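J.: My file is coords-v7.cif. It has mmCIF, C-alpha atoms and all ligand atoms:
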data_run
loop_
_atom_site.label_atom_id
_atom_site.label_comp_id
_atom_site.auth_asym_id
_atom_site.auth_seq_id
_atom_site.Cartn_x
_atom_site.Cartn_y
_atom_site.Cartn_z
CA MET A 589 5.20 -29.80 16.31
CA THR A 590 9.00 -29.71 15.99
CA GLY A 591 11.65 -28.26 18.26
CA ALA A 592 9.16 -27.76 21.08
CA ARG A 593 11.43 -29.15 23.78
CA THR A 594 15.03 -30.30 23.85
CA THR A 595 15.18 -31.69 27.39
CA ALA A 596 13.41 -34.57 29.12
CA GLY A 597 10.20 -33.92 31.01
CA PRO A 598 6.54 -33.25 30.34
CA ARG A 599 5.87 -31.79 26.95
CA LEU A 600 2.96 -30.95 24.77
CA PRO A 601 1.58 -33.76 22.62
CA GLU A 602 3.14 -33.91 19.15
CA ASP A 603 -0.16 -33.03 17.53
CA PHE A 604 -0.94 -30.16 19.92
CA ARG A 605 -2.52 -27.13 18.26
CA PHE A 606 -2.69 -23.76 19.97
CA SER A 607 -6.27 -22.56 20.32
CA GLN A 608 -7.84 -19.47 21.85
CA THR A 609 -8.64 -21.48 24.97
CA SER A 610 -5.13 -22.81 25.56
CA LEU A 611 -3.53 -19.42 24.81
CA GLN A 612 -5.98 -17.66 27.13
CA VAL A 613 -5.36 -20.21 29.88
CA TYR A 614 -1.63 -19.52 29.65
CA ASP A 615 -2.23 -15.78 29.63
CA ASP A 616 -4.42 -16.08 32.74
CA CYS A 617 -2.25 -18.52 34.73
CA LYS A 618 0.85 -20.39 33.60
CA ARG A 619 0.39 -23.15 36.17
CA ARG A 620 -3.08 -23.78 34.92
CA PHE A 621 -1.65 -24.31 31.44
CA TRP A 622 0.95 -26.69 32.89
CA LEU A 623 -1.61 -28.74 34.75
CA SER A 624 -4.18 -28.76 32.00
CA TYR A 625 -2.15 -29.21 28.81
CA MET A 626 1.28 -30.50 29.77
CA GLN A 627 0.35 -32.83 32.60
CA GLN A 628 -3.27 -33.31 31.51
CA THR A 629 -4.30 -33.45 35.15
CA PRO A 630 -7.94 -34.43 35.70
CA TRP A 631 -10.16 -31.79 37.25
CA PRO A 632 -10.32 -32.27 41.02
CA SER A 633 -12.72 -29.36 41.75
CA VAL A 634 -15.89 -27.93 40.28
CA GLN A 635 -15.40 -24.85 38.11
CA ALA A 636 -18.11 -22.66 39.60
CA SER A 637 -20.88 -22.86 42.14
CA PRO A 638 -23.60 -23.84 42.65
CA ILE A 639 -22.82 -26.94 40.65
CA ALA A 640 -26.35 -27.40 39.38
CA GLU A 641 -26.49 -23.82 38.07
CA HIS A 642 -23.07 -24.16 36.48
CA GLU A 643 -24.13 -27.33 34.72
CA ARG A 644 -27.35 -25.65 33.62
CA VAL A 645 -25.42 -22.72 32.12
CA MET A 646 -23.15 -25.13 30.29
CA ARG A 647 -26.04 -27.20 29.00
CA LEU A 648 -28.01 -24.18 27.78
CA GLY A 649 -24.98 -22.73 26.01
CA GLN A 650 -24.31 -26.03 24.32
CA ALA A 651 -27.94 -26.43 23.27
CA PHE A 652 -28.09 -22.90 21.87
CA HIS A 653 -24.99 -23.42 19.76
CA ARG A 654 -26.40 -26.66 18.37
CA LEU A 655 -29.72 -24.98 17.69
CA ILE A 656 -28.10 -22.18 15.73
CA GLU A 657 -25.89 -24.66 13.95
CA ARG A 658 -28.99 -26.42 12.66
CA ALA A 659 -30.67 -23.19 11.65
CA GLU A 660 -27.62 -21.81 9.83
CA ALA A 661 -27.06 -25.15 8.11
CA GLY A 662 -30.56 -24.91 6.65
CA VAL A 663 -32.42 -27.54 8.65
CA PRO A 664 -36.16 -27.09 7.89
CA SER A 665 -37.69 -24.60 10.33
CA ASP A 666 -40.48 -26.98 11.38
CA ASP A 667 -37.86 -29.39 12.64
CA VAL A 668 -36.04 -26.58 14.44
CA HIS A 669 -39.24 -25.30 16.07
CA GLN A 670 -40.03 -28.79 17.35
CA PHE A 671 -36.50 -29.00 18.69
CA VAL A 672 -36.95 -25.68 20.51
CA ASN A 673 -40.29 -26.64 22.01
CA ASP A 674 -38.68 -29.65 23.61
CA LEU A 675 -36.07 -27.54 25.40
CA GLU A 676 -35.99 -25.30 28.45
CA PRO A 677 -37.72 -21.88 28.25
CA PRO A 678 -34.65 -19.64 27.87
CA LEU A 679 -33.76 -21.41 24.65
CA GLN A 680 -37.07 -20.49 23.08
CA GLU A 681 -36.49 -16.85 23.97
CA TRP A 682 -32.90 -16.96 22.72
CA TYR A 683 -33.93 -18.58 19.48
CA ARG A 684 -36.61 -15.96 18.86
CA ALA A 685 -33.97 -13.29 19.47
CA TYR A 686 -31.74 -14.96 16.90
CA LEU A 687 -34.56 -15.10 14.35
CA GLN A 688 -35.39 -11.42 14.89
CA HIS A 689 -31.90 -10.05 15.21
CA ARG A 690 -29.55 -12.17 13.18
CA PRO A 691 -27.42 -9.41 11.61
CA ALA A 692 -29.02 -8.42 8.31
CA ASP A 693 -25.83 -7.22 6.65
CA LEU A 694 -23.90 -10.47 6.63
CA PRO A 695 -22.43 -11.72 3.35
CA SER A 696 -24.43 -14.57 1.90
CA GLY A 697 -22.14 -16.07 -0.75
CA HIS A 698 -20.61 -18.58 1.65
CA VAL A 699 -21.96 -19.68 5.03
CA GLU A 700 -19.78 -21.94 7.15
CA VAL A 701 -21.09 -23.32 10.46
CA GLU A 702 -18.84 -24.70 13.21
CA ARG A 703 -15.91 -24.55 10.81
CA VAL A 704 -12.49 -25.52 12.17
CA LEU A 705 -9.47 -23.86 10.55
CA ASP A 706 -5.86 -24.51 11.35
CA VAL A 707 -2.73 -22.91 9.99
CA PRO A 708 1.01 -23.44 10.39
CA PHE A 709 2.80 -20.92 12.57
CA THR A 710 6.57 -20.68 12.38
CA LEU A 711 8.70 -18.95 14.97
CA ASP A 712 12.42 -19.25 15.54
CA ASP A 713 13.23 -22.95 15.06
CA SER A 714 9.77 -24.22 15.98
CA ALA A 715 6.86 -25.01 13.73
CA VAL A 716 3.51 -25.22 15.50
CA ARG A 717 -0.10 -24.99 14.42
CA LEU A 718 -2.87 -22.61 15.38
CA VAL A 719 -6.49 -23.74 15.39
CA ALA A 720 -9.78 -21.89 15.64
CA LYS A 721 -13.31 -23.24 15.72
CA TYR A 722 -15.82 -20.71 14.43
CA ASP A 723 -19.50 -20.59 15.31
CA LEU A 724 -20.23 -18.97 11.95
CA ILE A 725 -18.30 -17.49 9.04
CA THR A 726 -20.12 -15.71 6.23
CA ALA A 727 -18.22 -14.44 3.20
CA GLU A 728 -18.31 -13.12 -0.36
CA ASP A 729 -15.69 -14.08 -2.91
CA GLN A 730 -12.44 -12.21 -2.29
CA SER A 731 -14.24 -9.20 -0.83
CA ARG A 732 -15.44 -9.70 2.75
CA ALA A 733 -15.56 -12.30 5.51
CA VAL A 734 -17.42 -11.92 8.83
CA ILE A 735 -16.90 -14.12 11.88
CA ILE A 736 -19.89 -14.42 14.22
CA ASP A 737 -19.51 -15.67 17.78
CA TRP A 738 -22.73 -16.36 19.71
CA LYS A 739 -22.55 -15.45 23.41
CA THR A 740 -25.05 -16.84 25.89
CA GLY A 741 -24.04 -15.05 29.09
CA ARG A 742 -26.54 -13.01 31.10
CA LYS A 743 -24.85 -9.74 30.13
CA ARG A 744 -23.44 -8.11 27.03
CA SER A 745 -19.65 -8.18 27.39
CA ASP A 746 -17.55 -5.09 27.78
CA PRO A 747 -16.07 -4.19 24.34
CA SER A 748 -12.61 -3.45 25.75
CA SER A 749 -12.62 -6.85 27.44
CA LEU A 750 -13.42 -8.58 24.16
CA GLN A 751 -10.81 -6.50 22.36
CA ARG A 752 -8.14 -7.90 24.70
CA ARG A 753 -9.25 -11.47 24.48
CA LEU A 754 -7.04 -13.87 22.62
CA GLN A 755 -10.12 -15.23 20.90
CA THR A 756 -10.52 -11.98 18.98
CA ALA A 757 -6.85 -11.90 17.99
CA LEU A 758 -6.57 -15.57 17.07
CA TYR A 759 -9.83 -15.90 15.16
CA LEU A 760 -9.09 -12.95 12.90
CA TYR A 761 -5.46 -13.96 12.44
CA VAL A 762 -6.25 -17.56 11.51
CA LEU A 763 -9.09 -16.58 9.18
CA VAL A 764 -6.86 -14.28 7.13
CA GLU A 765 -3.94 -16.73 7.11
CA ALA A 766 -6.18 -19.62 6.03
CA SER A 767 -8.11 -17.61 3.46
CA SER A 768 -6.02 -18.53 0.41
CA ARG A 769 -7.30 -22.11 0.65
CA LEU A 770 -10.90 -21.21 1.44
CA PRO A 771 -13.63 -21.04 -1.21
CA TRP A 772 -13.91 -17.25 -0.94
CA GLY A 773 -10.26 -16.41 -0.51
CA PRO A 774 -7.77 -15.00 -0.40
CA ILE A 775 -8.72 -11.95 1.65
CA ALA A 776 -6.68 -9.11 3.13
CA PRO A 777 -6.96 -8.22 6.84
CA GLU A 778 -9.03 -5.16 5.90
CA GLN A 779 -11.66 -7.48 4.43
CA ALA A 780 -12.18 -9.42 7.67
CA GLU A 781 -14.20 -8.54 10.75
CA MET A 782 -15.34 -10.26 13.91
CA ARG A 783 -18.71 -9.77 15.54
CA TYR A 784 -19.88 -10.95 18.96
CA TRP A 785 -23.65 -11.46 19.23
CA PHE A 786 -25.37 -11.70 22.63
CA VAL A 787 -28.59 -13.37 23.67
CA ALA A 788 -28.68 -10.69 26.40
CA ALA A 789 -28.49 -7.85 23.86
CA PRO A 790 -29.29 -9.24 20.42
CA GLU A 791 -29.73 -5.78 18.89
CA HIS A 792 -26.30 -4.66 20.02
CA PRO A 793 -23.55 -6.92 18.74
CA ILE A 794 -19.96 -5.79 19.09
CA THR A 795 -17.92 -5.57 15.90
CA PHE A 796 -14.15 -5.49 15.49
CA ARG A 797 -12.79 -4.36 12.14
CA TYR A 798 -9.35 -5.53 11.14
CA ASP A 799 -6.32 -4.24 9.25
CA ALA A 800 -2.73 -5.12 8.39
CA ALA A 801 -1.27 -3.38 11.45
CA GLN A 802 -3.54 -5.38 13.79
CA HIS A 803 -2.67 -8.56 11.89
CA GLU A 804 1.02 -7.98 12.50
CA ALA A 805 0.40 -7.08 16.15
CA ASN A 806 -1.66 -10.23 16.63
CA ARG A 807 1.07 -12.34 15.08
CA ASN A 808 3.62 -10.83 17.47
CA ARG A 809 1.36 -11.31 20.49
CA ILE A 810 0.64 -14.95 19.68
CA ALA A 811 4.32 -15.61 18.91
CA ALA A 812 5.40 -14.11 22.24
CA ILE A 813 3.05 -16.39 24.19
CA ILE A 814 3.99 -19.54 22.29
CA ARG A 815 7.68 -18.71 22.60
CA GLN A 816 7.28 -18.49 26.39
CA ILE A 817 5.39 -21.79 26.51
CA LEU A 818 7.99 -23.63 24.46
CA ALA A 819 10.80 -22.19 26.58
CA GLY A 820 9.30 -23.69 29.77
CA GLU A 821 11.61 -26.55 30.66
CA SER A 822 9.91 -27.74 33.84
CA GLU A 823 7.09 -27.07 36.27
CA ALA A 824 9.08 -24.13 37.66
CA GLY A 825 8.62 -22.36 34.35
CA PHE A 826 4.86 -22.35 34.86
CA PRO A 827 4.24 -20.47 38.14
CA LYS A 828 0.92 -19.83 39.86
CA VAL A 829 -0.68 -16.42 39.53
CA PRO A 830 0.26 -14.13 42.45
CA ASP A 831 -1.66 -14.92 45.63
CA THR A 832 -3.89 -11.83 45.87
CA ASP A 833 -7.49 -11.54 47.02
CA PHE A 834 -8.52 -10.63 43.47
CA ASN A 835 -6.78 -13.64 41.90
CA ARG A 836 -8.09 -16.01 44.58
CA LYS A 837 -11.64 -14.93 43.89
CA TYR A 838 -11.69 -14.38 40.15
CA LEU A 839 -9.02 -16.76 38.84
CA CYS A 840 -8.53 -19.54 41.40
CA GLY A 841 -12.19 -19.34 42.45
CA PHE A 842 -13.21 -20.50 38.97
CA CYS A 843 -10.28 -22.85 38.47
CA THR A 844 -10.67 -26.58 38.78
CA TYR A 845 -7.15 -26.90 40.19
CA ARG A 846 -7.52 -24.66 43.25
CA GLY A 847 -7.33 -27.68 45.58
CA LEU A 848 -3.98 -28.71 44.11
CA CYS A 849 -2.71 -25.15 44.44
CA ASP A 850 -3.96 -24.59 47.99
CA ARG A 851 -5.97 -21.61 46.77
CA GLY A 852 -9.17 -22.31 48.69
CA GLU A 853 -11.93 -24.87 48.49
CA ARG A 854 -14.99 -22.80 47.62
CA ALA A 855 -15.85 -22.13 44.01
CA THR A 856 -16.81 -18.56 43.15
CA SER A 857 -20.46 -18.35 42.16
CA ILE A 858 -21.59 -17.63 38.64
CA ASP A 859 -23.73 -14.80 40.04
CA GLU A 860 -20.69 -13.10 41.57
CA TRP A 861 -18.94 -13.12 38.23
CA GLU A 862 -21.93 -12.04 36.20
CA ASP A 863 -22.86 -9.23 38.60
CA THR A 864 -19.51 -7.53 38.45
CA GLU A 865 -19.03 -4.45 36.28
CA SER A 866 -15.25 -4.84 36.10
CA PRO A 867 -14.02 -5.36 32.52
CA ASP A 868 -10.92 -7.10 33.89
CA ILE A 869 -13.01 -9.65 35.72
CA GLN A 870 -15.23 -10.12 32.70
CA ASN A 871 -12.11 -10.57 30.62
CA THR A 872 -10.78 -13.16 33.01
CA TYR A 873 -13.83 -15.30 32.93
CA GLU A 874 -15.52 -14.78 29.62
CA GLY A 875 -14.45 -18.39 29.32
CA ILE A 876 -17.26 -19.45 31.56
CA ASP A 877 -19.55 -18.38 28.76
CA PHE A 878 -19.53 -21.76 27.16
CA SER A 879 -18.29 -22.52 23.68
CA LEU A 880 -18.21 -25.82 21.84
CA GLU A 881 -14.48 -25.46 21.43
CA ASP A 882 -14.12 -25.83 25.18
CA VAL A 883 -15.92 -29.15 25.12
CA ASP A 884 -13.67 -30.53 22.42
CA GLU A 885 -10.54 -29.38 24.18
CA LEU A 886 -11.54 -30.50 27.61
CA ALA A 887 -12.49 -33.93 26.42
CA PHE A 888 -8.95 -35.26 26.18
S1 LIG B 901 -5.86 -22.50 41.27
FE1 LIG B 901 -5.07 -20.46 40.77
S2 LIG B 901 -2.84 -20.67 40.76
FE2 LIG B 901 -3.71 -22.75 40.62
S3 LIG B 901 -3.81 -23.22 38.44
FE3 LIG B 901 -5.77 -22.37 39.02
S4 LIG B 901 -5.64 -20.17 38.60
FE4 LIG B 901 -3.55 -20.98 38.64
#
Could you quickly redo this structure as C-alpha cells?
T.:
Amino acid sequence: MTGARTTAGPRLPEDFRFSQTSLQVYDDCKRRFWLSYMQQTPWPSVQASPIAEHERVMRLGQAFHRLIERAEAGVPSDDVHQFVNDLEPPLQEWYRAYLQHRPADLPSGHVEVERVLDVPFTLDDSAVRLVAKYDLITAEDQSRAVIIDWKTGRKRSDPSSLQRRLQTALYLYVLVEASSRLPWGPIAPEQAEMRYWFVAAPEHPITFRYDAAQHEANRNRIAAIIRQILAGESEAGFPKVPDTDFNRKYLCGFCTYRGLCDRGERATSIDEWEDTESPDIQNTYEGIDFSLEDVDELAF
C-alpha cells in the first residue's frame, strides 16, 4: 500500500488488503474498524451468547465449508461419507441437501474451490489491493462465471439485505477485474453472477446478475469507503456508532469491543438475531453466519 497515511500514528499494515469483512466492519462501525484493523486490539468480550452455542455455530459452519470443499474438489464420495458420519447430525442433513440441491445449471468447464483473488485498486494517489475468498467459482471459457457462497444460518437471508452487503459488491467486482488472468477469462460484468445457497432453503438460492453499470457503482462505493479509511488521521476519525437502543442491541451486542466502548456487558443471543424479521438487522449481522475468510482475517 502506498500513500495510505502521511502523518505519524497507527496505520494499516503495509500488506493490508481490503476484504469484504474489513469493508463491512467499517461500514457498520468505524471504531470497530479502528480497534480491529488499525490497533489490532485483542477481543475482550465474546461475540454472541450463549458462548457454547456461538462456538457450536462457528464450528458447524467451518465443518460444512470444509466438507463442501472436499466434495467440490473431487474427493472420493466414500471418504466424504465417512467424514460426514463422524460429525454432528446437522452436518449430515446439510450435506444431503447439498447433494440433492447443488444448482444444476452451473458451468462445468472450470471449478475453483476456496479460491483467493486479489486485484490492485487505484484511487487518487493511493494504490491498495482488494481481496476476496470464494467458496466456489464455476466458469466456462470467456462466456460465464458463477460465484457460489454457502450460507449455514438457520434462515434464508433477505434478498435486499444481501444486495446491500459489501460481500456481493466486492466479490463480483474482484472477479471481473481479475478475470483477464484467470483460465476462463476475460469476462465482462454481464457474464458474471453471484448466488447465495442456504442450508435452510437449499431449493431457493438467491441470484444476483451483474452488468457494467453495477460494476461502476460498486467501484465507486468501494472507493468511497477506502478513501474515508485512508483519510482517518487518528482515533477521532473512527467514531463509535450512535448510542441508540437498536445499535446497542444489534451492533454493540454482537461486538467483541463493547466493554472497551462502555456499550454494555451482555452479548446479544444468536436466537435474538436469527428470530428477527428485520432486513436491516439481518444485514448488520449476516457476518455471524460464519465464513472461512473470517477465520483467516481474525487470526492475525
Ligand atoms: S461496541 Fe459498538 S461502538 Fe464499540 S466498536 Fe463495537 S459496534 Fe462500535
J.: Do you know which residues are at most 7 Å from region 724-728 of chain A counting all atoms listed in the file, after dropping those on the same chain fewer than 6 positions away, and could you put them as number ranges by chain?
T.: A: 694-702, 734-737, 772
J.: With distances taken over all atoms listed in the file, which residue among A:Arg620, A:Arg599, A:Arg654, A:Arg647 lies nearest ligand LIG 901 (chain B)?
T.: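 Closest to ligand LIG 901 (chain B) of all the choices is A:Arg620.
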J.: For ligand LIG 901 (chain B), which residue among A:Arg846, A:Arg769, A:Arg815, A:Lys739 is the nearest when counting all atoms listed in the file?
T.: A:Arg846
J.: Let me have the centre and edge lengths of the axis-aligned box enclosing all listed atoms of region 695-710 of chain A with 3 Å padding on every side, in Å to one decimal, as JSON.
T.:
{"center_x": -8.9, "center_y": -18.6, "center_z": 6.2, "size_x": 37.0, "size_y": 19.8, "size_z": 20.0}
J.: I want to know what sits within 10 Å of Cys617 (chain A), based on all atoms listed in the file, with residues of the same chain fewer than 6 positions away left out; could you give that as a ChimeraX atom specification?
T.: /A:826-830,835,839-840,843
J.: Name the closest residue to Asp674 (chain A) among the candidates A:Leu600, A:Gln650, A:Asp729, A:Leu655; distances are taken between atoms, counting all atoms listed in the file.
T.: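 Among the listed residues, the smallest separation from Asp674 (chain A) belongs to A:Leu655.
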J.: Leaving out Leu760 (chain A) and any residue of its chain fewer than 2 positions from it, which residues lie within 9 Å of it when counting only C-alpha atoms, given as a PDB file with C-alpha atoms, in the coordinates of the input?
T.:
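As a result, part-v1.pdb now contains:
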ATOM      1  CA  ILE A 735     -16.900 -14.120  11.880  1.00  0.00           C
ATOM      2  CA  GLN A 755     -10.120 -15.230  20.900  1.00  0.00           C
ATOM      3  CA  THR A 756     -10.520 -11.980  18.980  1.00  0.00           C
ATOM      4  CA  ALA A 757      -6.850 -11.900  17.990  1.00  0.00           C
ATOM      5  CA  LEU A 758      -6.570 -15.570  17.070  1.00  0.00           C
ATOM      6  CA  VAL A 762      -6.250 -17.560  11.510  1.00  0.00           C
ATOM      7  CA  LEU A 763      -9.090 -16.580   9.180  1.00  0.00           C
ATOM      8  CA  VAL A 764      -6.860 -14.280   7.130  1.00  0.00           C
ATOM      9  CA  GLU A 765      -3.940 -16.730   7.110  1.00  0.00           C
ATOM     10  CA  PRO A 777      -6.960  -8.220   6.840  1.00  0.00           C
ATOM     11  CA  ALA A 780     -12.180  -9.420   7.670  1.00  0.00           C
ATOM     12  CA  GLU A 781     -14.200  -8.540  10.750  1.00  0.00           C
ATOM     13  CA  MET A 782     -15.340 -10.260  13.910  1.00  0.00           C
ATOM     14  CA  TYR A 798      -9.350  -5.530  11.140  1.00  0.00           C
ATOM     15  CA  HIS A 803      -2.670  -8.560  11.890  1.00  0.00           C
ATOM     16  CA  ASN A 806      -1.660 -10.230  16.630  1.00  0.00           C
TER      17      ASN A 806
END
J.: Counting all atoms listed in the file, which residue out of A:Arg797, A:His653, A:Arg851, A:Lys743 sits closest to ligand LIG 901 (chain B)?
T.: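 Among the listed residues, A:Arg851 lies closest to ligand LIG 901 (chain B).
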J.: Could you tell me which of A:Ile656, A:Leu611, A:Ala801, A:Leu623 comes closest to ligand LIG 901 (chain B) if we count all atoms listed in the file?
T.: A:Leu623
J.: Restricting the calculation to only C-alpha atoms and all ligand atoms: of A:Thr856, A:Ser610, A:Thr844, A:Gln751, which residue gets closest to ligand LIG 901 (chain B)?
T.: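 Ranked by minimum distance to ligand LIG 901 (chain B), first place goes to A:Thr844.
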J.: Take CA of Trp785 (chain A) and CA of Tyr625 (chain A) and report the distance between them in Å, one decimal.
T.: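 Separating CA of Trp785 (chain A) from CA of Tyr625 (chain A) is a distance of 29.5 Å.
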J.: Record the distance separating CA of Glu641 (chain A) and CA of Asp746 (chain A), expressed in Å with one decimal.
T.: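 Interatomic distance, CA of Glu641 (chain A) to CA of Asp746 (chain A): 23.2 Å.
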J.: What gap, in Å, lies between CA of Ala651 (chain A) and CA of Lys721 (chain A)?
T.: 16.8 Å
